[in-house]
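Below is one structure, written out as structure tokens, with a few remarks after it.
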Amino acid sequence: MLKAIHKTGLVFFPAFDWAIDPTHPEREERLLYTQDQVTEEGVFDIPGIIEYKPVLATAKDIQRAQFCVPDEASITTESHLISAGGAKVIADAVMGKEVKNGFALVRPPGHHSMRVSHGGRGFCHINIEAIMVEYIRTRYGVKRIAIIDTDCHHGDGTDNIFWHDPDVLFISMHQDGRTMFPGTGFPGELGGPNAKGSNLNIPLPPGTSTEGYLYVINNCVLPVLDEFKPDLVINSAGQDNHYTDPLTNMNFCAQGYAQLTTLLKPDIAVLEGGYAIEGALPYVNLGIILAMAGVDYSGVVEPDYNPEKLKQSVSITDKIKKTIDQINSFWAQRHQLREAAGTPGELQVRHKEIYYDTDNIFERQKERVRICADCGGSFEIDSRAMPGLHILGVHIPINACKNCIEKGYEFYETAPGGKYDRIYLMDRPKDSYHVK
Amino acid sequence: MIIGLDVGGTHTYTVLLSNRGIEKSVKVTTDHADLFNTVLSGFTQLLESVDPSRIKRAVISTTLTTNAIVQQTMEPVGMIVSAGPGLDPEFFRTGEQYYPVSGSINHRGREKAPVNEIQIKDISQKLVAAGIEYVGVVSKFCVRNPSHEILIKRIIHKYFKKVFLGHHVSGNLNFPRRIATTHLNAAVFSLHKSFFEAVKKSLNEKGLTVPIQILKADGGTMSLEASMHFPGQTVLSGPAASIMGAIPYAPEGQDAIVLDIGGTTTDIAFLVDKAPLLEPVGIQRGRYRSLIRSLRTDSKGIGGDSALRVIDGNLTIGPDRQGPAMAFGGPLPTPTDAMVVLGVMDSANPEKSLAGIHTIAKGLGLSDEQAAEKVFKTCCTIILKKTFEMIDQINSQPVYTVHDFLEGYKLSPQKILVLGGPAPYFAQKIEDLYQIDTFAVPNSAVANAVGAALARTTCEVSLYADTEQGIVTAHEEDFAEPISKTFSEDDLMETAYNLLKEKAINSGADPENMDEVEVVEYQKFNIVRNFSPRGKIFRTKMQLKPGLIKGYETLLH
């Protein structure tokens, strides 16, 4: 009998009336054929698959994750808020145990949007997963969360937001940054001094196929998850590793995505990129939904699928193995790396330059973080956007120790008012947000 | 004058309406084993004193197909199913003679794998050997490109009495439901055909020669001829008849709830500005899912004859019926008995009701009056709770555009219309309990037959235009035409309207009652490949809304 073995919640919000611009890959048509395929398959009639209606995310939801400059309303449209709201609805359904797991098929995506957001980059304005994760932590008190980003582009926004957070494990597997936007995500990028090893970046060579992806899952992601012991696993489910994707150079397929989902067993999956809207998305999305629900997906195969043509070369296999060995050794040394990163109490400075390809903004950041052995450490980000504003954002992490809370308020209170257009304080322990 | 006939679970009512109102009504007992004679005697008694040549319209609502499904007396038929990539078609098996075959069409309607003619011929031989006379053929995405279904029919049709094709069933996507619906049409076809041909012949002999109309689950009618292609659409026409019968009393410009309180169940439905709400995809009851257009109804297992019991000190109502109320000789107390005890309803045997309610009162530790009050109140509460759940569900239905998300219609009924035997008593109680304007539909017993008589012809067309591929199609109507790159929304709407009109006339619509056209769905997408526009996709659904024919409605007030 056709039945979901795991009760699975779905939010399907294709935003059929929203686009970045008419010929942009992130446009109205993107999920049209996915909707057709899913509807024709009768997926919503399968007992145990439950469709939810999204809600609008609020400014408060965004303020738990990001400093929006000048404010939330200026850089978002309703579609962004519904997209983030869709992820929230799935989170509630999973956390409320109405369903075993859930998949938010929403657009626009969010994983390139960073802690400070001056606008759109990589088709993202606000970070859907980060907003959802912070909502889950505040509302349900979940402590340890793992985010596995399987989009073909480095999830640099999510990477950035959880950079200093030892309680959020962020793993991104993506096409090598030397060949692909945003040009980051190398093995040495391991997280901030207080959270070394809680960010793992796995660059994969162009031409990686199903064999390579499943190798990474089996030999790195699953063993790391076993050790990290997250309370919740989230998958940023980008679908642009597909062999027909127009923006990337990989050889992944619908069966591979479904198998990856079966192995990873995410509690929540959120759609990210994926722009082969006719040849890939209908099959990949169907495969992921069925895999989450525990329904046989062996018949979900692209009509033009030819495994012989997609076979991975030996040299690619070798490269992937080397990268994984390196990442695994970093992971094994994470405690030593954290100890070596600095002396508790001191401030460590990081400079960063960020380009917003979607909105053509250039941003310069100077970040100062308090080295701390007891929590993720409070930090301040001095950010100047061109064109745009010069702001300071102060973040006090949700599990902050007493010293870091004090330091956070010191950052905020002593910031020279005349120097900045806006000064923000994100006090996560109190769940409050202040602007001056 | 017009006639409406509704076959109910217990009684069959036939009414004669003129522009002065209800002229005559006839009640006969329903004989489920012989529906033909039930229908015939309804007509015979009604026409006793009436000149049949004055009858301008006759509409029949029967339980023929519903019974065939419930009693599993449907004829075994063959199904040939072509799925392509996706869920295993074995999940949707309809019976022994079910054959998944090769061939595949994708979501844009492009052929991805051809039909294997040898395989089809082979299967058709097996079906013939098994004595199969009717076959359904369904391919995935046939609503985008029916060529595989048509080809398979061409190969096999000479071996069978009739072949039913999936793309004729509905313009909606949903392969499993299309299989179930096509199967239903094939499996009840011969039953439906022989029944209605017999009815038509007998009525002709009585001099009643107007074309017979048949009520559908969507509260609209279709001609007898049109029904031969889609006999499955007559399923669940009973609840539709009662909802249509409530429309004359519904408020204009407002939402209303319709409650039809029967012996064992209460049907719940909704009206928006006098138009009933439809199911988004098709009839669904329990695990059964179809693409049959239907009014959005649900039922709760509580009615006037529901059995009352006290279990572990708690009152239970239904869901079973053990017979009529004790007041009418039944074995167990019922909500009807409670109403008799409370003095809201008259009965020849109030002492029997009292005896029954007394046992309930003892079990609950209440006085007889208190127990009766509790029963009555609990019935109302359960029915209304289910109603509010349905409203919540309707209002939380997923939407797929930012516009619908922000501007979508919210159902908020301000009036309740109650039908069925105990309607007047329930109406008063519900109004007292919930402070919602509640109204008992007069002549409630014949409301179903009146609803059938007054229901107008409905239909829907779905169009799909793809300027990249240069074609506009409505495969359900066997329609396909080439279009140019400049094909516009206006062109689409004009094409849709013409198709809808043609379909309505073919289904027996009266041109006077064809102005309630509604665009149910409209979407437009740019097709972009490699960053340059290649064309547009347009989709629309247009319907003739369910409602009442003109000239009779006002006279019922």
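Letters for chains follow the order of the structure tokens (A, B, ...), residue numbers begin at 1 for each chain, and ligand numbers begin at 1 in the order shown.
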
Item to check | Test item: residues at most 6 Å from A:Pro54, only C-alpha atoms, excluding those fewer than 6 positions along its chain, as a PyMOL selection string | outcome: chain A and resi 85-86+89

Checklist entry - Which residues come within 9 Å of A:Gly120, counting only C-alpha atoms, excluding same-chain residues fewer than 2 positions away, as a PyMOL selection string? => result chain A and resi 75+112-113+117-118+122-126+356-361

Checklist entry - Where does DSSP see strand (DSSP E or B) in stretch 118-243 of chain A, if you list the residues as number ranges by chain? => result A: 121, 124, 145-149, 168-175, 199-204, 209, 232-237, 242

Residue subset to file, keeping C-alpha atoms, as an mmCIF file, in the first residue's frame:
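Generated output (again10.cif):
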```
data_model
loop_
_atom_site.group_PDB
_atom_site.id
_atom_site.type_symbol
_atom_site.label_atom_id
_atom_site.label_comp_id
_atom_site.auth_asym_id
_atom_site.auth_seq_id
_atom_site.Cartn_x
_atom_site.Cartn_y
_atom_site.Cartn_z
ATOM 1 C CA ARG A 121 23.786 38.427 -3.216
ATOM 2 C CA CYS A 124 19.534 35.737 -1.615
ATOM 3 C CA ILE A 145 21.869 21.779 15.437
ATOM 4 C CA ALA A 146 23.620 20.544 12.286
ATOM 5 C CA ILE A 147 23.104 22.193 8.911
ATOM 6 C CA ILE A 148 24.280 20.231 5.888
ATOM 7 C CA ASP A 149 24.371 22.443 2.807
ATOM 8 C CA VAL A 168 25.767 24.783 15.221
ATOM 9 C CA LEU A 169 27.676 22.411 12.997
ATOM 10 C CA PHE A 170 27.696 23.739 9.451
ATOM 11 C CA ILE A 171 28.925 21.489 6.655
ATOM 12 C CA SER A 172 28.888 22.717 3.067
ATOM 13 C CA MET A 173 29.728 20.484 0.112
ATOM 14 C CA HIS A 174 30.019 22.437 -3.095
ATOM 15 C CA GLN A 175 31.835 22.894 -6.380
ATOM 16 C CA ASN A 199 32.231 24.769 10.142
ATOM 17 C CA LEU A 200 33.464 22.255 7.574
ATOM 18 C CA ASN A 201 33.843 23.213 3.943
ATOM 19 C CA ILE A 202 34.193 20.473 1.369
ATOM 20 C CA PRO A 203 35.104 21.685 -2.116
ATOM 21 C CA LEU A 204 34.444 19.130 -4.851
ATOM 22 C CA SER A 209 29.097 12.433 -9.819
ATOM 23 C CA LEU A 232 18.273 18.391 14.851
ATOM 24 C CA VAL A 233 19.635 17.904 11.305
ATOM 25 C CA ILE A 234 18.809 20.457 8.640
ATOM 26 C CA ASN A 235 19.549 20.054 4.943
ATOM 27 C CA SER A 236 19.989 23.138 2.754
ATOM 28 C CA ALA A 237 18.833 21.199 -0.259
ATOM 29 C CA HIS A 242 22.490 18.092 -11.258
#
```

Checklist outcome for this item: The residue from B:Glu205, B:Asp88, B:Glu252, B:Glu468 with the smallest atom-to-atom distance to chain A, counting only C-alpha atoms, is B:Asp88

Item to check | stretch 163-166 of chain A environment, 8 Å, only C-alpha atoms, sequence neighbours closer than 4 positions dropped, as a count of residues only | outcome: 13

Kindly provide, as a JSON list (two decimals) with C-alpha atoms, in the first residue's frame, the residues of chain B having any atom no farther than 9 Å from an atom of chain A, counting only C-alpha atoms.
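That gives us selection.json:
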```
[["chain", "number", "residue", "atom", "x", "y", "z"],
["B", 84, "GLY", "CA", 7.07, 6.76, -17.16],
["B", 85, "PRO", "CA", 9.37, 8.04, -14.37],
["B", 86, "GLY", "CA", 7.91, 8.46, -10.90],
["B", 87, "LEU", "CA", 5.93, 6.40, -8.41],
["B", 88, "ASP", "CA", 5.43, 2.74, -9.19],
["B", 91, "PHE", "CA", 0.40, 1.42, -6.16],
["B", 92, "PHE", "CA", -2.72, 2.40, -8.09],
["B", 104, "SER", "CA", 6.41, 8.12, -21.29],
["B", 106, "ASN", "CA", 6.94, 14.52, -19.63],
["B", 107, "HIS", "CA", 5.42, 17.53, -17.86],
["B", 108, "ARG", "CA", 5.69, 19.72, -20.94],
["B", 112, "LYS", "CA", 10.22, 10.62, -23.83],
["B", 113, "ALA", "CA", 9.60, 6.95, -24.61],
["B", 140, "LYS", "CA", 0.85, 10.12, -17.17],
["B", 141, "PHE", "CA", 0.67, 13.76, -18.34],
["B", 172, "ASN", "CA", -6.50, 18.47, -13.85],
["B", 173, "LEU", "CA", -3.16, 16.84, -13.20],
["B", 174, "ASN", "CA", -3.22, 13.83, -10.85],
["B", 175, "PHE", "CA", -2.33, 10.50, -12.37],
["B", 176, "PRO", "CA", -3.53, 8.20, -9.53],
["B", 177, "ARG", "CA", -6.89, 9.98, -9.35],
["B", 287, "ARG", "CA", -9.02, 6.69, 0.97],
["B", 289, "ARG", "CA", -9.71, 9.98, -4.39],
["B", 396, "SER", "CA", -5.62, 27.30, 5.49],
["B", 397, "GLN", "CA", -5.52, 25.76, 2.04],
["B", 398, "PRO", "CA", -2.08, 26.29, 0.49],
["B", 399, "VAL", "CA", -1.74, 28.98, -2.17],
["B", 400, "TYR", "CA", 1.03, 29.37, -4.69],
["B", 401, "THR", "CA", 1.36, 33.07, -5.40],
["B", 402, "VAL", "CA", 2.27, 36.04, -3.25],
["B", 403, "HIS", "CA", -0.94, 37.72, -4.40],
["B", 405, "PHE", "CA", -1.25, 34.62, -0.02],
["B", 406, "LEU", "CA", -1.90, 38.26, 0.79],
["B", 523, "GLN", "CA", -1.42, 31.77, -14.83],
["B", 524, "LYS", "CA", 1.15, 33.10, -17.24],
["B", 525, "PHE", "CA", 4.86, 32.23, -17.30],
["B", 526, "ASN", "CA", 7.79, 33.32, -19.41],
["B", 527, "ILE", "CA", 9.79, 30.42, -20.76],
["B", 528, "VAL", "CA", 13.46, 31.34, -20.50],
["B", 529, "ARG", "CA", 16.36, 29.19, -21.68],
["B", 530, "ASN", "CA", 19.96, 30.30, -21.45],
["B", 531, "PHE", "CA", 18.88, 33.74, -20.22],
["B", 532, "SER", "CA", 16.74, 34.56, -23.25],
["B", 533, "PRO", "CA", 12.94, 34.47, -23.49]]
```

Item to check | alpha helix (DSSP H) residues, from DSSP on the backbone, in stretch 10-258 of chain A, as a VMD selection string | outcome: chain A and resid 32 to 40 59 to 63 72 to 75 78 to 95 128 to 140 156 to 161 210 to 216 222 to 228 254 to 258

Quick one: write out the picked residues with C-alpha atoms as a short mmCIF file (atom, residue, chain, number, x, y, z; two decimals), in the first residue's frame?
```
data_model
loop_
_atom_site.label_atom_id
_atom_site.label_comp_id
_atom_site.auth_asym_id
_atom_site.auth_seq_id
_atom_site.Cartn_x
_atom_site.Cartn_y
_atom_site.Cartn_z
CA LEU A 32 6.36 25.31 -12.24
CA TYR A 33 7.42 21.94 -13.62
CA THR A 34 8.18 20.65 -10.15
CA GLN A 35 4.63 21.51 -9.17
CA ASP A 36 3.33 19.77 -12.28
CA GLN A 37 5.32 16.62 -11.55
CA VAL A 38 4.43 16.51 -7.86
CA THR A 39 0.74 17.17 -8.60
CA GLU A 40 0.57 14.62 -11.41
CA ALA A 59 10.96 41.44 11.35
CA LYS A 60 11.49 39.92 14.81
CA ASP A 61 12.25 36.53 13.22
CA ILE A 62 14.92 38.05 10.99
CA GLN A 63 16.41 40.08 13.86
CA GLU A 72 14.22 44.41 7.33
CA ALA A 73 11.49 46.03 5.25
CA SER A 74 13.97 47.81 2.97
CA ILE A 75 15.73 44.68 1.73
CA GLU A 78 6.68 39.59 0.72
CA SER A 79 8.07 36.62 -1.15
CA HIS A 80 11.19 36.56 1.08
CA LEU A 81 9.00 36.72 4.16
CA ILE A 82 6.75 33.90 2.92
CA SER A 83 9.82 31.82 2.05
CA ALA A 84 11.23 32.23 5.58
CA GLY A 85 7.73 31.80 7.01
CA GLY A 86 7.38 28.52 5.12
CA ALA A 87 10.51 27.18 6.79
CA LYS A 88 9.12 28.31 10.17
CA VAL A 89 5.87 26.41 9.57
CA ILE A 90 7.81 23.23 8.78
CA ALA A 91 9.92 23.76 11.92
CA ASP A 92 6.76 24.04 14.03
CA ALA A 93 5.28 20.91 12.46
CA VAL A 94 8.47 18.91 13.13
CA MET A 95 9.11 20.28 16.62
CA ILE A 128 15.98 31.29 5.34
CA GLU A 129 17.73 28.47 7.28
CA ALA A 130 19.42 30.79 9.76
CA ILE A 131 16.14 32.54 10.52
CA MET A 132 14.53 29.13 11.03
CA VAL A 133 17.39 27.84 13.21
CA GLU A 134 17.27 30.88 15.50
CA TYR A 135 13.49 30.58 15.71
CA ILE A 136 13.82 26.90 16.72
CA ARG A 137 16.45 27.70 19.37
CA THR A 138 14.38 30.46 20.94
CA ARG A 139 10.99 28.79 20.70
CA TYR A 140 11.97 25.20 21.49
CA ASP A 156 28.80 31.29 2.49
CA GLY A 157 25.90 33.16 4.12
CA THR A 158 25.02 30.37 6.51
CA ASP A 159 28.74 29.68 7.01
CA ASN A 160 29.19 33.32 8.01
CA ILE A 161 26.20 33.47 10.37
CA THR A 210 26.81 10.38 -7.57
CA GLU A 211 29.70 8.17 -6.47
CA GLY A 212 31.63 11.21 -5.20
CA TYR A 213 28.70 12.79 -3.37
CA LEU A 214 27.78 9.58 -1.60
CA TYR A 215 31.46 9.03 -0.72
CA VAL A 216 31.52 12.40 1.05
CA LEU A 222 27.80 10.86 8.65
CA PRO A 223 30.83 10.09 10.89
CA VAL A 224 31.07 13.77 11.89
CA LEU A 225 27.33 13.87 12.66
CA ASP A 226 27.76 10.72 14.77
CA GLU A 227 30.34 12.51 16.90
CA PHE A 228 28.63 15.90 17.00
CA ALA A 254 17.76 12.47 -9.01
CA GLN A 255 18.48 8.95 -7.69
CA GLY A 256 21.64 10.31 -6.06
CA TYR A 257 19.74 13.12 -4.34
CA ALA A 258 17.14 10.68 -3.06
#
```
